[in-house]
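The next block is work_3.tsv, given as TSV, C-alpha atoms and all ligand atoms.
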chain	number	residue	atom	x	y	z
A	84	VAL	CA	-14.20	3.02	19.64
A	85	PRO	CA	-11.66	0.53	18.26
A	86	THR	CA	-13.23	-1.43	15.43
A	87	PHE	CA	-11.82	-3.91	12.98
A	88	GLN	CA	-12.80	-4.13	9.33
A	89	THR	CA	-11.37	-5.91	6.33
A	90	ALA	CA	-12.43	-7.31	2.95
A	91	ARG	CA	-15.69	-9.26	3.24
A	92	ARG	CA	-14.13	-12.46	1.91
A	93	ILE	CA	-10.49	-13.35	1.19
A	94	LEU	CA	-9.07	-16.23	-0.84
A	95	ILE	CA	-5.35	-16.70	-0.44
A	96	GLY	CA	-2.87	-19.24	-1.81
A	97	PRO	CA	-1.26	-20.47	-5.01
A	98	GLY	CA	-3.86	-21.08	-7.71
A	99	VAL	CA	-6.86	-19.44	-6.00
A	100	LEU	CA	-7.59	-17.43	-9.16
A	101	ASP	CA	-9.16	-20.67	-10.45
A	102	GLU	CA	-11.90	-20.14	-7.86
A	103	LEU	CA	-12.95	-16.81	-9.38
A	104	PRO	CA	-15.80	-18.15	-11.58
A	105	ARG	CA	-17.41	-19.95	-8.63
A	106	GLU	CA	-17.08	-16.90	-6.41
A	107	ILE	CA	-18.51	-14.55	-9.03
A	108	ARG	CA	-21.48	-16.86	-9.57
A	109	GLU	CA	-22.41	-16.31	-5.92
A	110	LEU	CA	-22.54	-12.57	-6.58
A	111	GLN	CA	-25.01	-13.11	-9.45
A	112	CYS	CA	-23.70	-10.43	-11.79
A	113	ARG	CA	-23.92	-10.38	-15.57
A	114	ARG	CA	-21.65	-7.51	-16.51
A	115	ALA	CA	-18.13	-6.98	-15.22
A	116	LEU	CA	-15.69	-4.12	-15.63
A	117	VAL	CA	-12.04	-5.18	-15.33
A	118	VAL	CA	-9.71	-2.38	-14.25
A	119	THR	CA	-6.10	-3.08	-15.08
A	120	ASP	CA	-2.99	-1.59	-16.68
A	121	PRO	CA	-1.03	-2.36	-19.86
A	122	GLY	CA	1.75	-4.08	-17.86
A	123	VAL	CA	-0.68	-6.53	-16.26
A	124	PHE	CA	-2.12	-7.07	-19.71
A	125	SER	CA	1.22	-7.89	-21.29
A	126	ALA	CA	2.02	-10.28	-18.44
A	127	GLY	CA	-1.05	-12.27	-19.53
A	128	ILE	CA	-2.78	-11.85	-16.17
A	129	ALA	CA	-5.62	-9.61	-17.37
A	130	SER	CA	-6.58	-12.09	-20.07
A	131	ARG	CA	-6.61	-14.93	-17.50
A	132	VAL	CA	-8.99	-12.89	-15.34
A	133	ILE	CA	-11.17	-12.10	-18.36
A	134	ASP	CA	-11.21	-15.80	-19.36
A	135	GLU	CA	-12.27	-16.80	-15.86
A	136	LEU	CA	-15.09	-14.22	-15.96
A	137	ALA	CA	-16.16	-15.39	-19.41
A	138	LYS	CA	-16.68	-18.90	-18.00
A	139	ASN	CA	-19.72	-17.41	-16.25
A	140	CYS	CA	-20.94	-15.90	-19.53
A	141	LEU	CA	-20.32	-12.45	-18.12
A	142	GLU	CA	-20.10	-9.58	-20.51
A	143	VAL	CA	-16.75	-8.00	-19.84
A	144	GLU	CA	-15.51	-4.48	-20.47
A	145	VAL	CA	-11.90	-3.50	-19.81
A	146	PHE	CA	-10.52	-0.21	-18.52
A	147	ASP	CA	-6.73	-0.22	-18.85
A	148	GLY	CA	-6.06	3.50	-18.78
A	149	ILE	CA	-3.84	3.34	-15.70
A	150	GLU	CA	-0.25	4.44	-15.99
A	151	GLY	CA	1.83	4.82	-12.88
A	152	GLU	CA	0.00	6.13	-9.86
A	153	PRO	CA	-3.55	7.19	-10.70
A	154	THR	CA	-4.89	10.72	-10.85
A	155	LEU	CA	-8.40	11.91	-10.02
A	156	GLU	CA	-8.97	12.26	-13.77
A	157	VAL	CA	-8.12	8.59	-14.35
A	158	ALA	CA	-10.55	7.58	-11.62
A	159	GLU	CA	-13.25	9.80	-13.18
A	160	ALA	CA	-12.62	8.20	-16.57
A	161	CYS	CA	-12.91	4.72	-15.09
A	162	LEU	CA	-16.13	5.66	-13.29
A	163	ALA	CA	-17.53	7.03	-16.57
A	164	THR	CA	-16.66	3.74	-18.30
A	165	ALA	CA	-18.33	1.77	-15.51
A	166	ARG	CA	-21.52	3.82	-15.82
A	167	ALA	CA	-21.59	3.81	-19.63
A	168	PHE	CA	-21.26	0.02	-19.60
A	169	SER	CA	-23.84	-0.33	-16.79
A	170	THR	CA	-21.52	-2.73	-15.08
A	171	GLU	CA	-22.73	-4.77	-12.13
A	172	ILE	CA	-19.36	-5.60	-10.62
A	173	VAL	CA	-15.88	-4.09	-10.76
A	174	VAL	CA	-12.74	-6.23	-10.77
A	175	GLY	CA	-9.43	-4.53	-10.04
A	176	ALA	CA	-6.52	-6.67	-11.27
A	177	GLY	CA	-3.03	-5.29	-10.80
A	178	GLY	CA	-1.02	-3.33	-8.28
A	179	GLY	CA	-2.48	-0.87	-5.80
A	180	SER	CA	-3.12	1.69	-8.55
A	181	CYS	CA	-5.51	-0.61	-10.42
A	182	ILE	CA	-7.26	-1.76	-7.26
A	183	ASP	CA	-7.67	1.78	-5.93
A	184	VAL	CA	-9.22	3.04	-9.17
A	185	ALA	CA	-11.51	0.00	-9.26
A	186	LYS	CA	-12.55	0.76	-5.68
A	187	VAL	CA	-13.45	4.32	-6.56
A	188	ALA	CA	-15.43	3.27	-9.65
A	189	ALA	CA	-17.38	0.68	-7.64
A	190	ALA	CA	-17.98	2.87	-4.60
A	191	PHE	CA	-19.00	6.03	-6.50
A	192	PHE	CA	-21.17	4.19	-9.01
A	193	ARG	CA	-24.48	5.23	-7.46
A	194	SER	CA	-23.38	8.47	-5.83
A	195	GLU	CA	-24.00	11.83	-7.45
A	196	GLY	CA	-21.25	14.27	-8.22
A	197	SER	CA	-17.68	13.80	-9.31
A	198	VAL	CA	-14.81	12.06	-7.57
A	199	ARG	CA	-13.28	15.49	-6.97
A	200	ASP	CA	-16.39	16.50	-5.01
A	201	TYR	CA	-15.55	13.75	-2.53
A	202	THR	CA	-11.95	14.54	-1.80
A	203	SER	CA	-12.48	14.78	1.93
A	204	SER	CA	-11.02	11.82	3.74
A	205	ASP	CA	-14.26	10.60	5.28
A	206	LEU	CA	-16.63	9.84	2.47
A	207	ALA	CA	-20.38	9.58	2.77
A	208	LEU	CA	-21.25	7.40	-0.19
A	209	LYS	CA	-24.31	5.44	-1.23
A	210	GLU	CA	-23.92	1.67	-1.35
A	211	GLY	CA	-21.87	1.01	-4.50
A	212	LEU	CA	-21.16	-2.07	-6.59
A	213	PRO	CA	-19.39	-5.22	-5.40
A	214	LEU	CA	-15.64	-4.99	-5.87
A	215	VAL	CA	-13.20	-7.83	-6.46
A	216	ALA	CA	-9.52	-7.08	-5.82
A	217	ILE	CA	-6.87	-9.28	-7.45
A	218	PRO	CA	-3.42	-8.01	-6.46
A	219	THR	CA	-0.48	-8.81	-8.73
A	220	THR	CA	2.17	-7.35	-6.42
A	221	ALA	CA	2.86	-7.93	-2.73
A	222	GLY	CA	2.84	-4.33	-1.64
A	223	THR	CA	-0.06	-1.99	-1.09
A	224	GLY	CA	-2.37	-4.42	0.69
A	225	SER	CA	-5.18	-2.49	-0.99
A	226	GLU	CA	-7.13	-5.75	-1.31
A	227	ALA	CA	-7.78	-5.55	2.44
A	228	THR	CA	-8.29	-1.82	3.01
A	229	GLY	CA	-11.06	0.76	2.75
A	230	ILE	CA	-8.62	3.31	1.36
A	231	ALA	CA	-7.94	4.64	-2.14
A	232	ILE	CA	-5.04	6.95	-2.96
A	233	LEU	CA	-5.27	9.31	-5.93
A	234	ILE	CA	-3.06	12.13	-7.14
A	235	ASP	CA	-4.66	15.55	-7.47
A	236	SER	CA	-2.58	16.79	-10.39
A	237	LEU	CA	-3.99	20.34	-10.14
A	238	GLU	CA	-2.59	20.75	-6.65
A	239	ASN	CA	0.23	18.19	-6.91
A	240	ARG	CA	-0.83	16.32	-3.82
A	241	LYS	CA	-1.95	12.84	-2.94
A	242	ILE	CA	-5.47	12.41	-1.68
A	243	GLY	CA	-6.28	9.54	0.64
A	244	MET	CA	-9.95	8.59	0.56
A	245	THR	CA	-11.27	6.37	3.31
A	246	SER	CA	-14.72	4.86	3.59
A	247	PRO	CA	-16.28	1.58	4.68
A	248	MET	CA	-17.67	1.52	1.10
A	249	LEU	CA	-14.14	1.11	-0.27
A	250	PHE	CA	-13.50	-2.31	1.30
A	251	PRO	CA	-13.50	-5.05	-1.35
A	252	HIS	CA	-16.25	-7.66	-1.30
A	253	LEU	CA	-13.76	-10.27	-2.37
A	254	ALA	CA	-9.96	-10.37	-2.38
A	255	VAL	CA	-8.32	-13.04	-4.51
A	256	VAL	CA	-4.67	-13.17	-3.42
A	257	ASP	CA	-2.88	-15.62	-5.69
A	258	PRO	CA	0.92	-15.53	-5.30
A	259	ASP	CA	1.32	-17.35	-8.62
A	260	LEU	CA	0.31	-14.06	-10.28
A	261	MET	CA	3.40	-12.46	-8.72
A	262	LEU	CA	6.06	-14.85	-10.04
A	263	THR	CA	7.04	-12.57	-12.94
A	264	VAL	CA	7.21	-9.26	-11.04
A	265	PRO	CA	10.67	-7.80	-11.86
A	266	ALA	CA	13.21	-7.67	-9.01
A	267	PRO	CA	13.23	-3.87	-8.49
A	268	VAL	CA	9.42	-3.76	-8.32
A	269	THR	CA	9.45	-6.75	-5.96
A	270	ALA	CA	11.87	-4.81	-3.76
A	271	TYR	CA	10.06	-1.53	-3.48
A	272	THR	CA	6.53	-2.91	-3.31
A	273	GLY	CA	7.77	-5.30	-0.61
A	274	ILE	CA	9.17	-2.37	1.36
A	275	ASP	CA	5.78	-0.65	1.07
A	276	ALA	CA	4.21	-3.73	2.68
A	277	LEU	CA	6.87	-3.80	5.38
A	278	THR	CA	6.32	-0.09	6.03
A	279	HIS	CA	2.58	-0.72	6.49
A	280	ALA	CA	3.35	-3.33	9.13
A	281	VAL	CA	5.95	-1.16	10.90
A	282	GLU	CA	3.74	1.92	10.92
A	283	ALA	CA	0.65	-0.01	12.03
A	284	TYR	CA	2.65	-1.55	14.88
A	285	LEU	CA	3.98	1.81	16.08
A	286	SER	CA	0.66	3.62	15.51
A	287	ILE	CA	-0.97	5.11	18.57
A	288	ASN	CA	-4.19	3.52	17.29
A	289	ALA	CA	-2.76	-0.01	17.28
A	290	THR	CA	-4.82	-2.72	19.00
A	291	SER	CA	-4.02	-6.31	19.93
A	292	VAL	CA	-5.70	-7.38	16.70
A	293	THR	CA	-3.61	-5.10	14.49
A	294	ASP	CA	-0.45	-5.90	16.49
A	295	ALA	CA	-0.84	-9.60	15.82
A	296	LEU	CA	-1.30	-8.97	12.11
A	297	ALA	CA	1.53	-6.44	11.88
A	298	ILE	CA	4.14	-8.52	13.71
A	299	LYS	CA	3.34	-11.63	11.70
A	300	ALA	CA	3.58	-9.53	8.53
A	301	VAL	CA	7.03	-8.25	9.55
A	302	SER	CA	8.32	-11.77	10.13
A	303	LEU	CA	6.89	-13.13	6.85
A	304	ILE	CA	8.32	-10.20	4.88
A	305	GLY	CA	11.62	-10.25	6.79
A	306	ASN	CA	12.14	-13.87	5.73
A	307	ALA	CA	10.77	-13.78	2.21
A	308	LEU	CA	11.54	-10.42	0.61
A	309	ARG	CA	15.24	-11.07	-0.01
A	310	VAL	CA	14.43	-14.49	-1.46
A	311	CYS	CA	11.81	-13.05	-3.86
A	312	PHE	CA	14.23	-10.31	-4.89
A	313	GLN	CA	16.95	-12.83	-5.76
A	314	ASP	CA	14.71	-15.59	-7.12
A	315	GLY	CA	11.40	-14.23	-8.35
A	316	ARG	CA	10.11	-17.69	-9.27
A	317	ASN	CA	10.36	-19.05	-5.72
A	318	ARG	CA	6.71	-19.94	-5.10
A	319	GLU	CA	7.06	-20.45	-1.39
A	320	ALA	CA	8.64	-17.03	-0.87
A	321	ARG	CA	6.08	-15.33	-3.14
A	322	HIS	CA	3.34	-16.98	-1.09
A	323	ALA	CA	4.87	-15.65	2.14
A	324	MET	CA	5.14	-12.16	0.66
A	325	ALA	CA	1.51	-12.26	-0.54
A	326	GLU	CA	0.45	-13.24	2.99
A	327	GLY	CA	2.70	-10.64	4.60
A	328	SER	CA	1.37	-7.89	2.39
A	329	LEU	CA	-2.24	-8.93	3.02
A	330	LEU	CA	-1.75	-9.06	6.80
A	331	ALA	CA	0.01	-5.69	6.75
A	332	GLY	CA	-2.94	-4.28	4.77
A	333	MET	CA	-5.40	-5.69	7.32
A	334	ALA	CA	-3.37	-4.10	10.10
A	335	PHE	CA	-2.98	-0.62	8.67
A	336	ALA	CA	-6.56	-0.46	7.38
A	337	ASN	CA	-7.45	-0.27	11.08
A	338	ALA	CA	-4.41	1.07	12.97
A	339	GLY	CA	-3.42	3.45	10.20
A	340	VAL	CA	-0.07	4.32	8.71
A	341	ALA	CA	1.79	7.39	9.86
A	342	ALA	CA	4.72	9.71	9.22
A	343	VAL	CA	6.67	7.53	6.75
A	344	HIS	CA	3.67	7.65	4.43
A	345	ALA	CA	2.97	11.33	5.14
A	346	PHE	CA	6.55	12.23	4.20
A	347	ALA	CA	6.51	9.89	1.21
A	348	TYR	CA	3.41	11.47	-0.36
A	349	PRO	CA	5.01	14.75	-1.48
A	350	LEU	CA	7.72	12.70	-3.24
A	351	GLY	CA	5.04	10.86	-5.17
A	352	ALA	CA	2.89	13.89	-5.89
A	353	ARG	CA	5.70	16.28	-6.92
A	354	TYR	CA	8.26	13.96	-8.48
A	355	ARG	CA	6.19	10.85	-9.27
A	356	VAL	CA	8.57	8.72	-7.19
A	357	PRO	CA	6.93	5.25	-7.00
A	358	HIS	CA	5.15	4.85	-3.68
A	359	GLY	CA	7.34	2.00	-2.42
A	360	VAL	CA	10.55	3.86	-3.28
A	361	ALA	CA	9.26	6.99	-1.52
A	362	ASN	CA	8.55	4.95	1.61
A	363	ALA	CA	11.95	3.28	1.44
A	364	LEU	CA	13.59	6.72	1.27
A	365	MET	CA	11.75	8.00	4.37
A	366	LEU	CA	11.67	4.79	6.43
A	367	LEU	CA	15.01	5.11	8.23
A	368	PRO	CA	14.90	8.81	9.19
A	369	VAL	CA	11.32	8.53	10.42
A	370	PHE	CA	11.87	5.23	12.23
A	371	ASN	CA	14.94	6.69	13.94
A	372	PHE	CA	12.91	9.74	15.00
A	373	ASN	CA	9.93	7.70	16.23
A	374	MET	CA	11.77	4.89	17.97
A	375	GLN	CA	13.08	7.22	20.67
A	376	VAL	CA	9.58	7.31	22.20
A	377	CYS	CA	8.73	3.61	21.74
A	378	VAL	CA	11.95	1.63	22.09
A	379	ASP	CA	10.28	-1.59	23.21
A	380	ARG	CA	7.82	-1.70	20.34
A	381	ALA	CA	10.62	-0.73	17.96
A	382	SER	CA	12.71	-3.63	19.24
A	383	HIS	CA	9.83	-6.12	18.78
A	384	ILE	CA	10.02	-5.28	15.08
A	385	GLY	CA	13.70	-6.23	15.07
A	386	ASP	CA	12.86	-9.55	16.74
A	387	ALA	CA	10.24	-10.26	14.08
A	388	LEU	CA	12.72	-9.33	11.35
A	389	GLY	CA	15.14	-11.86	12.80
A	390	ALA	CA	17.67	-9.11	13.44
A	391	ALA	CA	19.74	-11.04	16.00
A	392	PRO	CA	19.57	-14.49	17.53
A	393	GLU	CA	19.12	-13.27	21.09
A	394	ILE	CA	16.42	-10.86	22.21
A	395	VAL	CA	17.66	-7.36	22.92
A	396	THR	CA	15.17	-4.87	24.31
A	397	GLY	CA	14.99	-1.17	25.06
A	398	GLU	CA	17.17	1.35	23.31
A	399	MET	CA	19.66	-1.24	22.10
A	400	GLY	CA	16.89	-3.34	20.61
A	401	ALA	CA	15.46	-0.33	18.81
A	402	LYS	CA	18.85	0.59	17.34
A	403	ARG	CA	19.36	-2.97	16.24
A	404	THR	CA	16.01	-2.83	14.42
A	405	LEU	CA	17.07	0.36	12.66
A	406	GLN	CA	20.26	-1.33	11.55
A	407	ALA	CA	18.36	-4.40	10.29
A	408	LEU	CA	16.06	-2.15	8.23
A	409	GLU	CA	19.06	-0.30	6.81
A	410	THR	CA	20.77	-3.56	5.82
A	411	LEU	CA	17.61	-4.85	4.15
A	412	LEU	CA	17.12	-1.65	2.14
A	413	ARG	CA	20.75	-1.68	1.02
A	414	GLU	CA	20.59	-5.34	-0.07
A	415	LEU	CA	17.48	-4.64	-2.13
A	416	GLY	CA	19.26	-1.94	-4.14
A	417	ILE	CA	16.53	0.67	-3.67
A	418	PRO	CA	17.59	4.32	-4.16
A	419	GLN	CA	18.93	5.63	-0.86
A	420	THR	CA	18.83	9.39	-1.29
A	421	LEU	CA	16.26	11.95	-2.36
A	422	LYS	CA	19.01	13.36	-4.58
A	423	GLU	CA	19.06	10.18	-6.67
A	424	VAL	CA	15.36	10.44	-7.47
A	425	GLY	CA	15.64	14.06	-8.62
A	426	VAL	CA	14.38	15.97	-5.59
A	427	ARG	CA	15.59	19.59	-5.44
A	428	GLU	CA	17.05	20.62	-2.11
A	429	ALA	CA	15.28	23.99	-2.32
A	430	ASP	CA	11.91	22.17	-2.27
A	431	LEU	CA	12.47	20.52	1.12
A	432	PRO	CA	10.82	23.22	3.28
A	433	ASP	CA	7.70	23.28	1.08
A	434	MET	CA	7.56	19.49	1.17
A	435	ALA	CA	7.89	19.57	4.96
A	436	GLY	CA	4.90	21.92	5.11
A	437	GLU	CA	2.90	19.62	2.85
A	438	ALA	CA	3.76	16.49	4.81
A	439	LEU	CA	2.72	18.15	8.08
A	440	ARG	CA	-0.68	18.97	6.62
A	441	ILE	CA	-1.47	15.25	6.19
A	442	GLU	CA	-3.28	15.10	9.51
A	443	ARG	CA	-5.11	11.90	8.48
A	444	LEU	CA	-1.80	10.03	8.83
A	445	LEU	CA	0.13	12.10	11.34
A	446	ARG	CA	-2.54	11.65	13.98
A	447	ASN	CA	-1.42	7.98	14.13
A	448	ASN	CA	2.25	8.78	14.57
A	449	PRO	CA	3.76	7.88	17.95
A	450	ARG	CA	5.72	11.15	18.13
A	451	GLU	CA	4.63	14.66	17.30
A	452	ILE	CA	6.64	16.33	14.55
A	453	GLY	CA	7.36	20.06	14.42
A	454	PHE	CA	8.28	22.03	11.32
A	455	GLU	CA	12.02	22.13	12.02
A	456	GLU	CA	11.99	18.40	12.74
A	457	ALA	CA	10.12	17.78	9.51
A	458	ILE	CA	12.77	19.63	7.53
A	459	ALA	CA	15.48	17.70	9.36
A	460	LEU	CA	13.85	14.39	8.33
A	461	TYR	CA	13.90	15.43	4.68
A	462	VAL	CA	17.47	16.74	4.98
A	463	GLN	CA	18.55	13.34	6.35
A	464	ALA	CA	16.80	11.56	3.51
A	465	PHE	CA	18.22	13.98	0.96
A	466	SER	CA	21.80	12.82	1.20
A	467	GLY	CA	21.09	9.38	2.63
A	468	PHE	CA	20.33	8.45	6.22
A	469	ALA	CA	23.28	6.92	8.02
A	470	PRO	CA	22.19	5.05	11.11
A	471	PRO	CA	24.43	5.56	14.13
A	472	VAL	CA	27.18	2.97	14.39
A	473	PHE	CA	26.94	0.77	17.47
A	474	THR	CA	27.75	-2.72	18.60
A	475	VAL	CA	25.47	-5.07	20.45
A	501	FE	FE	1.78	2.29	1.35

Let's see the structure in the file written out as structure tokens.
Ligand SMILES: [Fe+2]
Amino acid sequence: VPTFQTARRILIGPGVLDELPREIRELQCRRALVVTDPGVFSAGIASRVIDELAKNCLEVEVFDGIEGEPTLEVAEACLATARAFSTEIVVGAGGGSCIDVAKVAAAFFRSEGSVRDYTSSDLALKEGLPLVAIPTTAGTGSEATGIAILIDSLENRKIGMTSPMLFPHLAVVDPDLMLTVPAPVTAYTGIDALTHAVEAYLSINATSVTDALAIKAVSLIGNALRVCFQDGRNREARHAMAEGSLLAGMAFANAGVAAVHAFAYPLGARYRVPHGVANALMLLPVFNFNMQVCVDRASHIGDALGAAPEIVTGEMGAKRTLQALETLLRELGIPQTLKEVGVREADLPDMAGEALRIERLLRNNPREIGFEEAIALYVQAFSGFAPPVFTV
């Protein structure tokens, strides 16, 4: 049965972080654990969050043991900190890594067993603690999803946990916190958000609700990402990206993401390629493969991206979308080949096998992918996907 779920409450707009004390007061908590990383700390954002919490006389503990994309062990350590401190609320402030770990700490707080015990994708958890998500990048959309992604470093794979218990109680999406994100991070996190919207729109589980969110996200991101990349301090563009990323998160939390993410995961798990870069590397080959079975939907994405002044539909529209995505990726200076990020060619068949095992995501994909096709997608990404040349 199609359902729609998102964060219980969402504040969005420049300066909304100022509302945090009032919002927290409603939740009537006395002890807060802030989950963040050293980068967010040095940007001064963590201390702003802590100051806002202190205005409510909350006792605050900080967990900042997050470096890069989080492992199961990091999530366990954060959960242990939350329990030792007897926290009553968990606040994730940072990129998707911080928010995902905060989600796990909040959701597992009252459940027995370790995080590793719950690595199946459909979790049965006891009611956890309230979670506040404060994103500092416009990318993962984690503030609006019931999903947490962790790396299992024993098996070198990414685990996607999904549960209604993982949805934040409160998302505070303040684009002013994103003004100092460096250009390369702006670029690849922005492409992650765009990929969420594209995959949610092409998902076989898309609904009218997720379509509306996904298409609006594509148009916001299509207009604003280049501007943010060139001029990080442009408040209007940062606001549009924050909205686009949130809407994309709301869409894919319900419609799902698909093969781009499935093929990106082995790059993250084996080579620690940042999630947004991994998606950027797989986006064109997978989009090209998928669009053959959904040319009209693929061409709607091009319209939303503003790919050409007049509407072109069908196969031509789909190709034009592919070209618009290729141009955007090139302008953002994101690595374009698996070679550049250190992937070994000999690993491609194993990676294809791993990607195909991510049933949780592939069941949303509009086109079924066989083993040979999976290898071909990685081979295309390995030396750089060149979209077919055509003229409209
Ligand atoms: Fe993603």

Neighbours of ligand FE 501 (chain A) within 7 Å, counting all atoms listed in the file, as a list in words?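 If we count all atoms listed in the file, the neighbours of ligand FE 501 (chain A) turn out to be Thr223, Asp275, Ala276, Thr278, His279, His344, His358 and Gly359 of chain A.
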
Could you check which residues have any atom within 6 Å of (14.6, -11.3, -8.8), counting all atoms listed in the file with coordinates taken straight from the file, and then list them as a short mmCIF file (atom, residue, chain, number, x, y, z; two decimals) with C-alpha atoms, in the coordinates of the input?
data_model
loop_
_atom_site.label_atom_id
_atom_site.label_comp_id
_atom_site.auth_asym_id
_atom_site.auth_seq_id
_atom_site.Cartn_x
_atom_site.Cartn_y
_atom_site.Cartn_z
CA ALA A 266 13.21 -7.67 -9.01
CA CYS A 311 11.81 -13.05 -3.86
CA PHE A 312 14.23 -10.31 -4.89
CA GLN A 313 16.95 -12.83 -5.76
CA ASP A 314 14.71 -15.59 -7.12
CA GLY A 315 11.40 -14.23 -8.35
#

My list of candidates is A:Val118, A:Glu282, A:Ala126, A:Asp134. Which is closest to Cys161 in chain A when distances are computed with only C-alpha atoms?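 Answer, going by the shortest atom-to-atom distance: A:Val118.
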
Residue among A:Ala270, A:Ala334, A:Val215, A:Ala345 lying closest to Leu110 in chain A, counting only C-alpha atoms: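 Of the candidates, the smallest distance to Leu110 in chain A is held by A:Val215.
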
Residues near Gly179 in chain A, cut-off 9 Å, only C-alpha atoms, skip fewer than 6 positions along chain, as a count of residues only: 11

Give as a ChimeraX atom specification every residue, naming chains and numbers as the document does, that has an atom within 10 Å of (10.9, 7.0, 12.9), counting all atoms listed in the file. /A:281-282,285,341-343,365-377,381,405,448-450,460

Rounded to one decimal in Å, what is the spacing between CA of Cys140 in chain A and CA of Leu94 in chain A? 22.1 Å

Nearest residue to Ser180 in chain A out of A:Gly332, A:Pro258, A:Pro357, A:Gly305, using all atoms listed in the file?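 Among the listed residues, A:Pro357 lies closest to Ser180 in chain A.
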
Do a neighbour search on Phe146 in chain A at 12 Å with all atoms listed in the file, toss out local chain neighbours closer than 3 positions, and write the hits as an NGL selection string. :A and (115-121 or 123-124 or 129 or 133 or 143 or 149-150 or 157-165 or 167-168 or 170 or 173-177 or 181-182 or 184-185 or 188)

Quick one: everything within 12 Å of Asn239 in chain A, counting all atoms listed in the file, minus sequence neighbours fewer than 6 positions away in the same chain. Send it as number ranges by chain. A: 154-155, 233, 348-355, 434, 437

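Reported to one decimal place, the separation of CA of Gln88 in chain A from CA of Asp257 in chain A is 21.4 Å.
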
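Between CA of Thr245 in chain A and CA of Glu326 in chain A there is a distance of 22.8 Å.
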
Selection near Ala459 in chain A, 12 Å with only C-alpha atoms, sequence-local residues under 2 positions removed, as a ChimeraX atom specification: /A:346,365,368-369,371-372,428,431-432,434-435,452-457,461-466,468

Just the residues within 7 Å of Arg92 in chain A, please, counting all atoms listed in the file, with nothing from its chain fewer than 5 positions along; format it as JSON, numbers by chain. {"A": [252, 253, 254]}

Preceding selection exported with C-alpha atoms as a PDB file, keeping the file's coordinate frame:
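Output file result-v9.pdb follows:
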ATOM      1  CA  HIS A 252     -16.250  -7.660  -1.300  1.00  0.00           C
ATOM      2  CA  LEU A 253     -13.760 -10.270  -2.370  1.00  0.00           C
ATOM      3  CA  ALA A 254      -9.960 -10.370  -2.380  1.00  0.00           C
TER       4      ALA A 254
END
